[in-house]
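S.K.: Just structure_24.pdb, nothing more (PDB, C-alpha atoms):
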ATOM      1  CA  MET A 178    -323.832 -17.916  98.511
ATOM      2  CA  ASN A 179    -323.643 -14.201  97.721
ATOM      3  CA  THR A 180    -322.277 -12.835  94.495
ATOM      4  CA  VAL A 181    -319.732 -10.922  96.479
ATOM      5  CA  THR A 182    -318.687 -12.334  99.809
ATOM      6  CA  ARG A 183    -316.400 -10.237 101.954
ATOM      7  CA  LEU A 184    -313.279 -11.776 103.310
ATOM      8  CA  GLY A 185    -311.885 -10.597 106.577
ATOM      9  CA  GLY A 186    -308.661 -10.634 108.512
ATOM     10  CA  PHE A 187    -306.893 -13.425 110.206
ATOM     11  CA  ALA A 188    -308.805 -14.717 113.220
ATOM     12  CA  LEU A 189    -307.311 -15.601 116.638
ATOM     13  CA  GLY A 190    -306.347 -18.731 118.556
ATOM     14  CA  LEU A 191    -306.387 -22.484 118.011
ATOM     15  CA  ALA A 192    -307.354 -25.277 120.439
ATOM     16  CA  ALA A 193    -308.464 -28.917 121.023
ATOM     17  CA  VAL A 194    -308.001 -31.912 118.761
ATOM     18  CA  PHE A 195    -310.512 -34.461 117.488
ATOM     19  CA  GLY A 196    -310.039 -37.759 115.675
ATOM     20  CA  ALA A 197    -312.250 -39.396 113.042
ATOM     21  CA  ALA A 198    -311.960 -41.924 110.236
ATOM     22  CA  TYR A 199    -312.389 -40.182 106.875
ATOM     23  CA  GLY A 200    -311.437 -42.825 104.410
ATOM     24  CA  ILE A 201    -307.702 -42.382 103.831
ATOM     25  CA  GLY A 202    -306.458 -44.176 106.917
ATOM     26  CA  GLN A 203    -307.254 -42.381 110.148
ATOM     27  CA  VAL A 204    -307.795 -38.671 109.614
ATOM     28  CA  ALA A 205    -307.647 -36.204 112.470
ATOM     29  CA  GLY A 206    -308.006 -32.457 112.634
ATOM     30  CA  PRO A 207    -307.996 -29.840 115.369
ATOM     31  CA  ALA A 208    -311.402 -28.617 116.448
ATOM     32  CA  ALA A 209    -311.717 -25.046 117.554
ATOM     33  CA  PRO A 210    -313.753 -23.833 120.459
ATOM     34  CA  VAL A 211    -317.119 -22.493 119.431
ATOM     35  CA  ALA A 212    -316.674 -18.893 118.365
ATOM     36  CA  GLU A 213    -319.634 -16.739 117.534
ATOM     37  CA  SER A 214    -319.717 -13.609 115.431
ATOM     38  CA  ARG A 215    -321.459 -10.577 116.867
ATOM     39  CA  HIS A 216    -324.693  -9.531 115.204
ATOM     40  CA  ASP A 217    -325.909  -6.869 117.579
ATOM     41  CA  GLY A 218    -325.387  -4.005 115.178
ATOM     42  CA  GLY A 219    -322.677  -2.533 117.375
ATOM     43  CA  ALA A 220    -319.001  -2.091 116.689
ATOM     44  CA  ALA A 221    -317.671  -5.608 116.924
ATOM     45  CA  HIS A 222    -314.423  -4.981 115.114
ATOM     46  CA  GLU A 223    -311.583  -7.415 115.657
ATOM     47  CA  ALA A 224    -307.922  -6.493 115.708
ATOM     48  CA  ASP A 225    -305.800  -7.533 112.730
ATOM     49  CA  PRO A 226    -303.008  -9.714 114.119
ATOM     50  CA  ALA A 227    -301.787 -10.714 110.667
ATOM     51  CA  GLY A 228    -300.945  -7.177 109.673
ATOM     52  CA  HIS A 229    -303.262  -6.947 106.677
ATOM     53  CA  GLY A 230    -304.263  -3.429 107.682
ATOM     54  CA  GLU A 231    -307.945  -4.186 108.133
ATOM     55  CA  ALA A 232    -310.591  -4.361 110.841
ATOM     56  CA  VAL A 233    -313.625  -6.547 110.388
ATOM     57  CA  ASP A 234    -317.149  -6.622 111.779
ATOM     58  CA  ARG A 235    -317.135 -10.420 111.883
ATOM     59  CA  PHE A 236    -315.036 -13.412 111.010
ATOM     60  CA  PRO A 237    -314.852 -14.106 107.275
ATOM     61  CA  GLY A 238    -316.279 -17.199 105.615
ATOM     62  CA  GLY A 239    -314.521 -20.464 106.280
ATOM     63  CA  LEU A 240    -312.409 -19.409 109.260
ATOM     64  CA  LEU A 241    -314.937 -20.451 111.908
ATOM     65  CA  VAL A 242    -316.027 -23.961 112.762
ATOM     66  CA  SER A 243    -319.132 -22.472 114.400
ATOM     67  CA  ASP A 244    -321.148 -19.378 113.512
ATOM     68  CA  GLN A 245    -324.654 -18.104 114.293
ATOM     69  CA  GLY A 246    -325.324 -21.257 116.305
ATOM     70  CA  TYR A 247    -324.380 -23.663 113.503
ATOM     71  CA  THR A 248    -321.368 -25.962 113.859
ATOM     72  CA  LEU A 249    -319.493 -28.139 111.368
ATOM     73  CA  GLU A 250    -319.138 -31.558 113.039
ATOM     74  CA  PRO A 251    -316.944 -34.245 111.415
ATOM     75  CA  VAL A 252    -318.357 -37.764 111.683
ATOM     76  CA  ALA A 253    -316.571 -41.143 111.643
ATOM     77  CA  ALA A 254    -316.942 -42.806 108.260
ATOM     78  CA  PRO A 255    -315.861 -45.988 106.459
ATOM     79  CA  ALA A 256    -312.691 -46.042 104.393
ATOM     80  CA  GLY A 257    -313.072 -44.047 101.194
ATOM     81  CA  GLU A 258    -315.812 -41.813 102.568
ATOM     82  CA  PHE A 259    -315.972 -38.336 104.098
ATOM     83  CA  ALA A 260    -318.840 -37.541 106.469
ATOM     84  CA  PHE A 261    -319.991 -34.625 108.595
ATOM     85  CA  ARG A 262    -323.035 -32.959 110.105
ATOM     86  CA  ILE A 263    -324.120 -29.396 110.689
ATOM     87  CA  GLY A 264    -325.252 -28.965 114.278
ATOM     88  CA  GLY A 265    -328.009 -26.403 114.683
ATOM     89  CA  PRO A 266    -328.734 -23.794 117.368
ATOM     90  CA  ASP A 267    -330.933 -26.347 119.167
ATOM     91  CA  GLY A 268    -328.033 -28.801 119.434
ATOM     92  CA  GLN A 269    -329.574 -31.184 116.910
ATOM     93  CA  PRO A 270    -328.286 -32.006 113.401
ATOM     94  CA  VAL A 271    -329.768 -29.774 110.723
ATOM     95  CA  THR A 272    -331.873 -31.742 108.226
ATOM     96  CA  ARG A 273    -333.456 -28.964 106.149
ATOM     97  CA  TYR A 274    -331.476 -26.807 103.744
ATOM     98  CA  ASP A 275    -332.305 -24.376 100.973
ATOM     99  CA  VAL A 276    -331.093 -25.110  97.461
ATOM    100  CA  ALA A 277    -328.415 -22.646  96.362
ATOM    101  CA  HIS A 278    -326.959 -22.969  92.869
ATOM    102  CA  ASP A 279    -328.737 -26.284  92.301
ATOM    103  CA  LYS A 280    -327.385 -27.948  95.470
ATOM    104  CA  GLN A 281    -328.142 -27.958  99.183
ATOM    105  CA  MET A 282    -324.488 -28.362 100.147
ATOM    106  CA  HIS A 283    -321.226 -27.357  98.496
ATOM    107  CA  LEU A 284    -318.182 -29.034 100.062
ATOM    108  CA  ILE A 285    -314.855 -27.536  99.048
ATOM    109  CA  VAL A 286    -311.503 -28.806 100.249
ATOM    110  CA  ALA A 287    -308.042 -27.354  99.703
ATOM    111  CA  ARG A 288    -304.672 -28.433 100.980
ATOM    112  CA  ARG A 289    -302.961 -25.907 103.230
ATOM    113  CA  ASP A 290    -300.229 -25.268 100.665
ATOM    114  CA  LEU A 291    -303.015 -24.683  98.086
ATOM    115  CA  SER A 292    -301.704 -27.458  95.842
ATOM    116  CA  GLY A 293    -304.968 -29.392  95.990
ATOM    117  CA  PHE A 294    -308.579 -28.324  95.418
ATOM    118  CA  ARG A 295    -311.837 -30.270  95.174
ATOM    119  CA  HIS A 296    -315.440 -29.090  94.889
ATOM    120  CA  VAL A 297    -317.988 -31.844  95.542
ATOM    121  CA  HIS A 298    -321.618 -32.223  96.584
ATOM    122  CA  PRO A 299    -322.400 -34.726  99.372
ATOM    123  CA  ASP A 300    -325.653 -36.612  99.861
ATOM    124  CA  LEU A 301    -327.824 -35.911 102.903
ATOM    125  CA  ALA A 302    -329.056 -38.810 105.048
ATOM    126  CA  PRO A 303    -332.291 -38.522 107.061
ATOM    127  CA  ASP A 304    -330.302 -38.197 110.301
ATOM    128  CA  GLY A 305    -328.589 -35.033 109.035
ATOM    129  CA  THR A 306    -325.290 -36.684 108.059
ATOM    130  CA  TRP A 307    -323.670 -35.601 104.790
ATOM    131  CA  ARG A 308    -321.648 -38.299 103.006
ATOM    132  CA  VAL A 309    -319.454 -38.272  99.902
ATOM    133  CA  ALA A 310    -316.568 -40.255  98.431
ATOM    134  CA  THR A 311    -313.539 -38.730 100.119
ATOM    135  CA  PRO A 312    -312.285 -35.657  98.257
ATOM    136  CA  LEU A 313    -308.947 -35.698 100.112
ATOM    137  CA  ALA A 314    -306.451 -36.606  97.406
ATOM    138  CA  GLY A 315    -303.338 -37.316  99.461
ATOM    139  CA  PRO A 316    -301.328 -36.676 102.626
ATOM    140  CA  GLY A 317    -301.324 -33.230 104.141
ATOM    141  CA  GLN A 318    -303.253 -30.672 106.131
ATOM    142  CA  TRP A 319    -306.517 -29.920 104.352
ATOM    143  CA  ARG A 320    -309.152 -27.295 105.021
ATOM    144  CA  ALA A 321    -312.756 -28.402 104.441
ATOM    145  CA  PHE A 322    -315.377 -25.719 103.756
ATOM    146  CA  ALA A 323    -319.104 -26.421 104.070
ATOM    147  CA  ASP A 324    -321.019 -23.796 102.067
ATOM    148  CA  PHE A 325    -324.782 -23.949 102.712
ATOM    149  CA  THR A 326    -327.991 -22.165 103.693
ATOM    150  CA  PRO A 327    -330.012 -23.720 106.515
ATOM    151  CA  THR A 328    -333.733 -23.333 105.925
ATOM    152  CA  GLY A 329    -334.814 -20.189 107.742
ATOM    153  CA  GLY A 330    -331.228 -19.032 108.209
ATOM    154  CA  GLU A 331    -328.551 -17.054 106.409
ATOM    155  CA  PRO A 332    -325.974 -18.439 103.959
ATOM    156  CA  LEU A 333    -322.921 -19.694 105.849
ATOM    157  CA  THR A 334    -319.492 -21.095 105.152
ATOM    158  CA  LEU A 335    -317.934 -23.067 108.008
ATOM    159  CA  GLY A 336    -314.454 -24.581 107.949
ATOM    160  CA  VAL A 337    -312.521 -27.329 109.699
ATOM    161  CA  ASP A 338    -308.993 -28.722 109.305
ATOM    162  CA  VAL A 339    -308.545 -32.353 108.344
ATOM    163  CA  THR A 340    -305.166 -34.097 108.439
ATOM    164  CA  VAL A 341    -304.377 -36.996 106.119
ATOM    165  CA  PRO A 342    -301.315 -38.824 107.495
ATOM    166  CA  GLY A 343    -298.480 -39.961 105.281
ATOM    167  CA  ALA A 344    -295.327 -38.726 103.613
ATOM    168  CA  LEU A 345    -295.784 -35.083 102.691
ATOM    169  CA  THR A 346    -293.929 -33.095 100.061
ATOM    170  CA  GLU A 347    -294.530 -29.377 100.193
ATOM    171  CA  ARG A 348    -295.286 -27.681  96.896
ATOM    172  CA  PRO A 349    -294.371 -24.035  96.311
ATOM    173  CA  LEU A 350    -297.200 -21.764  95.315
ATOM    174  CA  PRO A 351    -297.110 -21.190  91.537
ATOM    175  CA  SER A 352    -296.111 -17.727  90.363
ATOM    176  CA  PRO A 353    -298.810 -15.204  89.479
ATOM    177  CA  THR A 354    -299.949 -15.652  85.886
ATOM    178  CA  THR A 355    -302.701 -14.501  83.550
ATOM    179  CA  SER A 356    -303.028 -17.751  81.598
ATOM    180  CA  THR A 357    -303.267 -21.427  82.494
ATOM    181  CA  THR A 358    -304.175 -24.677  80.768
ATOM    182  CA  VAL A 359    -306.243 -27.641  81.929
ATOM    183  CA  ASP A 360    -307.154 -30.703  79.842
ATOM    184  CA  GLY A 361    -306.344 -28.899  76.602
ATOM    185  CA  TYR A 362    -308.293 -25.755  77.492
ATOM    186  CA  THR A 363    -306.563 -22.405  77.884
ATOM    187  CA  VAL A 364    -308.083 -19.962  80.357
ATOM    188  CA  THR A 365    -306.953 -16.344  80.381
ATOM    189  CA  LEU A 366    -307.498 -13.936  83.246
ATOM    190  CA  THR A 367    -308.099 -10.231  82.687
ATOM    191  CA  GLY A 368    -308.252  -7.864  85.637
ATOM    192  CA  ALA A 369    -306.869  -8.037  89.158
ATOM    193  CA  PRO A 370    -308.486  -7.867  92.593
ATOM    194  CA  GLN A 371    -308.136  -4.527  94.330
ATOM    195  CA  PRO A 372    -308.242  -4.386  98.128
ATOM    196  CA  GLY A 373    -311.364  -2.768  99.541
ATOM    197  CA  ARG A 374    -313.304  -2.345  96.327
ATOM    198  CA  THR A 375    -315.231  -4.396  93.793
ATOM    199  CA  SER A 376    -313.138  -5.452  90.817
ATOM    200  CA  PRO A 377    -314.195  -7.259  87.634
ATOM    201  CA  LEU A 378    -312.318 -10.462  86.876
ATOM    202  CA  THR A 379    -312.896 -11.874  83.397
ATOM    203  CA  LEU A 380    -311.879 -15.434  82.552
ATOM    204  CA  THR A 381    -311.861 -16.391  78.875
ATOM    205  CA  VAL A 382    -311.892 -20.027  77.755
ATOM    206  CA  SER A 383    -310.406 -21.301  74.490
ATOM    207  CA  ARG A 384    -309.483 -24.690  73.049
ATOM    208  CA  ASP A 385    -306.961 -25.367  70.290
ATOM    209  CA  GLY A 386    -306.681 -21.631  69.781
ATOM    210  CA  GLN A 387    -310.426 -21.188  69.230
ATOM    211  CA  PRO A 388    -312.775 -19.440  71.679
ATOM    212  CA  VAL A 389    -315.257 -21.708  73.426
ATOM    213  CA  THR A 390    -318.669 -20.183  72.766
ATOM    214  CA  ASN A 391    -320.823 -23.027  74.047
ATOM    215  CA  LEU A 392    -319.967 -23.375  77.710
ATOM    216  CA  GLU A 393    -322.542 -25.491  79.512
ATOM    217  CA  PRO A 394    -324.404 -24.411  82.649
ATOM    218  CA  TYR A 395    -322.862 -25.784  85.813
ATOM    219  CA  LEU A 396    -324.841 -25.363  89.028
ATOM    220  CA  GLY A 397    -326.930 -22.661  87.378
ATOM    221  CA  ALA A 398    -324.028 -20.624  85.986
ATOM    222  CA  TYR A 399    -321.381 -20.656  83.260
ATOM    223  CA  GLY A 400    -318.655 -20.693  85.854
ATOM    224  CA  HIS A 401    -317.974 -20.772  89.570
ATOM    225  CA  LEU A 402    -315.034 -18.996  91.146
ATOM    226  CA  VAL A 403    -313.538 -19.666  94.567
ATOM    227  CA  ALA A 404    -310.686 -17.591  96.012
ATOM    228  CA  LEU A 405    -308.568 -18.543  99.018
ATOM    229  CA  ARG A 406    -306.193 -16.113 100.690
ATOM    230  CA  ARG A 407    -302.735 -17.498 101.283
ATOM    231  CA  GLY A 408    -301.938 -18.123 104.935
ATOM    232  CA  ASP A 409    -305.305 -18.177 106.665
ATOM    233  CA  LEU A 410    -307.274 -19.614 103.711
ATOM    234  CA  ALA A 411    -309.998 -17.004 104.135
ATOM    235  CA  TYR A 412    -312.733 -18.011 101.690
ATOM    236  CA  LEU A 413    -314.406 -16.039  98.909
ATOM    237  CA  HIS A 414    -317.014 -17.619  96.630
ATOM    238  CA  VAL A 415    -318.323 -15.451  93.807
ATOM    239  CA  HIS A 416    -320.482 -16.071  90.777
ATOM    240  CA  PRO A 417    -320.663 -14.520  87.334
ATOM    241  CA  ASP A 418    -322.355 -11.332  86.281
ATOM    242  CA  GLY A 419    -325.412 -12.906  84.640
ATOM    243  CA  VAL A 420    -326.935 -16.372  84.462
ATOM    244  CA  PRO A 421    -327.764 -18.792  81.645
ATOM    245  CA  GLY A 422    -331.028 -18.032  79.929
ATOM    246  CA  ASP A 423    -331.329 -14.420  81.102
ATOM    247  CA  GLY A 424    -331.245 -13.134  77.518
ATOM    248  CA  ARG A 425    -328.026 -11.181  77.947
ATOM    249  CA  THR A 426    -325.359 -13.616  79.142
ATOM    250  CA  PRO A 427    -323.539 -15.494  76.353
ATOM    251  CA  PRO A 428    -322.234 -19.036  76.998
ATOM    252  CA  GLY A 429    -318.610 -18.000  76.662
ATOM    253  CA  PRO A 430    -315.912 -17.564  75.832
ATOM    254  CA  ALA A 431    -315.706 -14.905  78.574
ATOM    255  CA  VAL A 432    -317.165 -15.219  82.061
ATOM    256  CA  THR A 433    -316.975 -12.102  84.235
ATOM    257  CA  PHE A 434    -317.043 -12.107  88.012
ATOM    258  CA  LEU A 435    -317.303  -9.242  90.473
ATOM    259  CA  ALA A 436    -315.002  -9.829  93.423
ATOM    260  CA  GLU A 437    -314.043  -7.795  96.448
ATOM    261  CA  VAL A 438    -311.077  -8.615  98.653
ATOM    262  CA  PRO A 439    -310.500  -6.632 101.851
ATOM    263  CA  SER A 440    -306.729  -6.688 101.988
ATOM    264  CA  ALA A 441    -303.506  -6.784 100.069
ATOM    265  CA  GLY A 442    -302.247 -10.319  99.797
ATOM    266  CA  THR A 443    -301.755 -13.376  97.643
ATOM    267  CA  TYR A 444    -304.820 -15.343  96.571
ATOM    268  CA  ARG A 445    -305.380 -18.579  94.721
ATOM    269  CA  LEU A 446    -308.301 -18.572  92.275
ATOM    270  CA  TYR A 447    -310.147 -21.731  91.206
ATOM    271  CA  LEU A 448    -312.524 -21.523  88.236
ATOM    272  CA  ASP A 449    -314.943 -24.417  87.664
ATOM    273  CA  PHE A 450    -316.460 -24.570  84.168
ATOM    274  CA  ARG A 451    -318.307 -27.235  82.166
ATOM    275  CA  HIS A 452    -317.786 -28.101  78.510
ATOM    276  CA  GLY A 453    -318.301 -31.319  76.595
ATOM    277  CA  GLY A 454    -320.169 -32.795  79.542
ATOM    278  CA  ALA A 455    -317.220 -32.526  81.948
ATOM    279  CA  VAL A 456    -316.334 -30.031  84.679
ATOM    280  CA  ARG A 457    -312.773 -28.746  84.782
ATOM    281  CA  THR A 458    -310.909 -26.458  87.158
ATOM    282  CA  ALA A 459    -308.494 -23.741  86.082
ATOM    283  CA  GLU A 460    -306.207 -22.325  88.792
ATOM    284  CA  PHE A 461    -304.433 -18.976  89.107
ATOM    285  CA  THR A 462    -302.249 -17.202  91.639
ATOM    286  CA  VAL A 463    -302.984 -13.478  91.892
ATOM    287  CA  VAL A 464    -301.702 -10.656  94.070
ATOM    288  CA  ALA A 465    -304.013  -7.949  95.364
ATOM    289  CA  GLY A 466    -302.256  -4.680  96.195
ATOM    290  CA  THR A 467    -298.830  -4.897  97.806
ATOM    291  CA  PRO A 468    -298.547  -7.556 100.526
ATOM    292  CA  THR A 469    -296.759  -6.235 103.609
ATOM    293  CA  THR A 470    -296.311  -9.500 105.486
ATOM    294  CA  GLY A 471    -295.665 -13.129 104.784
ATOM    295  CA  THR A 472    -293.337 -14.889 102.395
ATOM    296  CA  PRO A 473    -292.984 -14.008  98.722
ATOM    297  CA  PRO A 474    -295.938 -15.219  96.641
ATOM    298  CA  THR A 475    -293.868 -16.877  93.943
ATOM    299  CA  GLY A 476    -291.404 -19.670  93.386
ATOM    300  CA  GLY A 477    -289.044 -21.512  95.636
ATOM    301  CA  GLU A 478    -290.454 -21.189  99.121
ATOM    302  CA  PRO A 479    -293.369 -23.483  99.908
ATOM    303  CA  THR A 480    -296.471 -22.300 101.648
ATOM    304  CA  PRO A 481    -296.764 -23.809 105.150
ATOM    305  CA  SER A 482    -299.300 -26.613 105.316
ATOM    306  CA  GLY A 483    -299.710 -26.480 109.091
ATOM    307  CA  PRO A 484    -302.325 -24.386 110.852
ATOM    308  CA  ALA A 485    -302.011 -20.663 110.433
ATOM    309  CA  PRO A 486    -302.838 -18.480 113.432
ATOM    310  CA  THR A 487    -306.475 -18.223 112.462
ATOM    311  CA  GLY A 488    -308.763 -17.668 115.312
ATOM    312  CA  GLY A 489    -311.980 -19.262 116.102
ATOM    313  CA  THR A 490    -310.965 -22.079 113.792
ATOM    314  CA  ASP A 491    -309.898 -25.521 114.469
ATOM    315  CA  HIS A 492    -308.088 -25.616 111.623
ATOM    316  CA  GLY A 493    -301.907 -32.743  98.585
ATOM    317  CA  THR A 494    -301.588 -33.379  95.937
ATOM    318  CA  PRO A 495    -303.300 -31.518  93.098
ATOM    319  CA  GLY A 496    -306.801 -32.770  92.457
ATOM    320  CA  HIS A 497    -309.955 -31.618  90.756
ATOM    321  CA  GLY A 498    -313.171 -33.426  91.601
ATOM    322  CA  HIS A 499    -316.809 -32.635  91.066
ATOM    323  CA  ASN A 500    -319.999 -34.523  91.643
TER     324      ASN A 500
END
Could you show the structure in this file as structure tokens?

M.R.:
Amino acid sequence: MNTVTRLGGFALGLAAVFGAAYGIGQVAGPAAPVAESRHDGGAAHEADPAGHGEAVDRFPGGLLVSDQGYTLEPVAAPAGEFAFRIGGPDGQPVTRYDVAHDKQMHLIVARRDLSGFRHVHPDLAPDGTWRVATPLAGPGQWRAFADFTPTGGEPLTLGVDVTVPGALTERPLPSPTTSTTVDGYTVTLTGAPQPGRTSPLTLTVSRDGQPVTNLEPYLGAYGHLVALRRGDLAYLHVHPDGVPGDGRTPPGPAVTFLAEVPSAGTYRLYLDFRHGGAVRTAEFTVVAGTPTTGTPPTGGEPTPSGPAPTGGTDHGTPGHGHN
């Protein structure tokens, strides 16, 4: 996972449907046709159907089910379990991965209306199947992101939609804010993403009005930040400026990230941090630039939970889980 991962525009098209048992009843999600990015060094710019005013060299992280010959393949699993494989360029399941931020695989799921978020770490079986207690916290359309580096390959983030059947209540996206609380901790955001350039985002953690100066390393850092763009759920995973033990990075209260978003739009930020032996997630809604399309980012009108017109993809309830 790179410190700064570029997001791109909305992708195109949506096709076929698969079914698999994922642990909360029968879960099914649409599987996209294999769509490869171009890596020939030429101009492989895609049009911008969503009107974000951008052209991209390749699809952004998380919008493709298949990239560079690797494919995210859901697998039938017993109740209470989520399972998948990564198919390799040779058509066989990948069984060798590099460790990135203390883990070989980071599985992140978010409900389409961005009201749910989970970051978990599955276990790898010898046959290449990844298994974990299901992170899907309730009914709805979820997007699952597999963030990994195959041995000998480049870091990749692949995404697939997963539907959990049941009564669904849409939740409106919370209004933009610079402060939020979770489990008695207050996290304050300073800075704002700026389209097309690197912007510092500083998140400061306090508890009972006192700064937390002894944050604990989590996956080799004092914090992990994931951003999802509203609508297509384009994925950005960034890490702090500095690492524990480097002689210059204090363990709080402030953790600074360098983030670059390619377009104006509304984003949901998820900060994972560890303190007192537990990992917590603080969530923010932020607006980069002046959005020109889509519904207002605040209040009243819920974000659609159905598939957005993201191409090359197959495209809850609140929840915070880590393992």

S.K.: Neighbours of Leu392 in chain A within 8 Å (all atoms listed in the file; same-chain residues fewer than 4 positions away dropped), as a PDB file with C-alpha atoms, in the frame of the given file?

M.R.:
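Output file around_26.pdb is given in full below:
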ATOM      1  CA  TYR A 399    -321.381 -20.656  83.260  1.00  0.00           C
ATOM      2  CA  PRO A 428    -322.234 -19.036  76.998  1.00  0.00           C
ATOM      3  CA  GLY A 429    -318.610 -18.000  76.662  1.00  0.00           C
ATOM      4  CA  PRO A 430    -315.912 -17.564  75.832  1.00  0.00           C
ATOM      5  CA  PHE A 450    -316.460 -24.570  84.168  1.00  0.00           C
ATOM      6  CA  ARG A 451    -318.307 -27.235  82.166  1.00  0.00           C
ATOM      7  CA  HIS A 452    -317.786 -28.101  78.510  1.00  0.00           C
TER       8      HIS A 452
END

S.K.: With a distance cut-off of 8 Å and all atoms listed in the file, select the neighbouring residues of Ala404 in chain A, excluding the residue or stretch itself and same-chain residues fewer than 6 positions from it, and output the selection as a list in words.

M.R.: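 These residues fall inside the cut-off: Tyr412, Leu413, His414, Tyr444, Arg445, Leu446 and Tyr447 of chain A.
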
S.K.: Identify, on the basis of only C-alpha atoms, every residue whose closest approach to Pro370 in chain A does not exceed 7 Å; exclude the query and any residue fewer than 5 positions from it along the same chain; express the result as a ChimeraX atom specification.

M.R.: /A:376,436-438,465

S.K.: List the spatial neighbours of range 419-425 of chain A as a list in words - criterion: any atom at most 12 Å away, all atoms listed in the file, same-chain residues fewer than 6 positions off excluded.

M.R.: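 These residues fall inside the cut-off: Thr180, His278, Asn391, Leu392, Glu393, Pro394, Tyr395, Leu396, Gly397, Ala398, Tyr399, Gly400, His401, Ala431, Val432, Thr433, Phe434 and Leu435 of chain A.
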
S.K.: Near Val382 in chain A, counting all atoms listed in the file, which residues have an atom at most 6 Å away, once you skip same-chain residues fewer than 5 positions from it, shown as a list of chain:residue names?

M.R.: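 These residues fall inside the cut-off: A:Thr363, A:Val364, A:Val389, A:Pro430.
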
S.K.: List the residues selected by the PyMOL selection byres ((chain A and resi 356-360) around 8) in the file shown, writing them as a list in words.

M.R.: Thr354, Thr355, Gly361, Tyr362, Thr363, Val364, Thr365, Leu366, Arg457, Thr458, Ala459, Glu460 and Phe461 of chain A

S.K.: Just write the chosen residues, C-alpha atoms, as a short mmCIF file (atom, residue, chain, number, x, y, z; two decimals), keeping the file's coordinate frame.

M.R.:
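Just written: result-v8.cif:
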data_model
loop_
_atom_site.label_atom_id
_atom_site.label_comp_id
_atom_site.auth_asym_id
_atom_site.auth_seq_id
_atom_site.Cartn_x
_atom_site.Cartn_y
_atom_site.Cartn_z
CA THR A 354 -299.95 -15.65 85.89
CA THR A 355 -302.70 -14.50 83.55
CA GLY A 361 -306.34 -28.90 76.60
CA TYR A 362 -308.29 -25.76 77.49
CA THR A 363 -306.56 -22.40 77.88
CA VAL A 364 -308.08 -19.96 80.36
CA THR A 365 -306.95 -16.34 80.38
CA LEU A 366 -307.50 -13.94 83.25
CA ARG A 457 -312.77 -28.75 84.78
CA THR A 458 -310.91 -26.46 87.16
CA ALA A 459 -308.49 -23.74 86.08
CA GLU A 460 -306.21 -22.32 88.79
CA PHE A 461 -304.43 -18.98 89.11
#

S.K.: For a quick check of understanding, using only C-alpha atoms, which of A:Thr311, A:Thr326, A:Thr443, A:Thr248 has the smallest distance to Arg407 in chain A?

M.R.: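 Once distances to Arg407 in chain A are computed over only C-alpha atoms, the minimum belongs to A:Thr443.
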
S.K.: So how many Å separate CA of Val339 in chain A and CA of Pro353 in chain A, to one decimal?

M.R.: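 Computing the Euclidean distance for CA of Val339 in chain A and CA of Pro353 in chain A yields 27.3 Å.
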
S.K.: Which distance in Å separates CA of Leu345 in chain A and CA of Gly293 in chain A, to one decimal?

M.R.: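 A separation of 12.7 Å between them.
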
S.K.: In Å, with one decimal, what is the gap from CA of Leu380 in chain A to CA of Glu347 in chain A?

M.R.: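 Atom-to-atom, CA of Leu380 in chain A to CA of Glu347 in chain A, that is 28.4 Å.
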
S.K.: Can you spell out as a PyMOL selection string the set of residues that the PyMOL selection byres ((chain A and resi 291) around 8) selects in the structure I just provided?

M.R.: chain A and resi 287-290+292-294+350+407+445+480

S.K.: Which residue gives the smallest distance to Thr379 in chain A among A:Leu241, A:Leu301, A:Leu448, A:Leu313, with only C-alpha atoms counted?

M.R.: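 Ranking A:Leu241, A:Leu301, A:Leu448, A:Leu313 by distance to Thr379 in chain A, first place goes to A:Leu448.
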
S.K.: Using all atoms listed in the file for the distances, tell me which of A:Gly408, A:Gly305, A:Gly246, A:Pro349 is nearest to Pro270 in chain A.

M.R.: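 The shortest atom-to-atom distance to Pro270 in chain A comes from A:Gly305.
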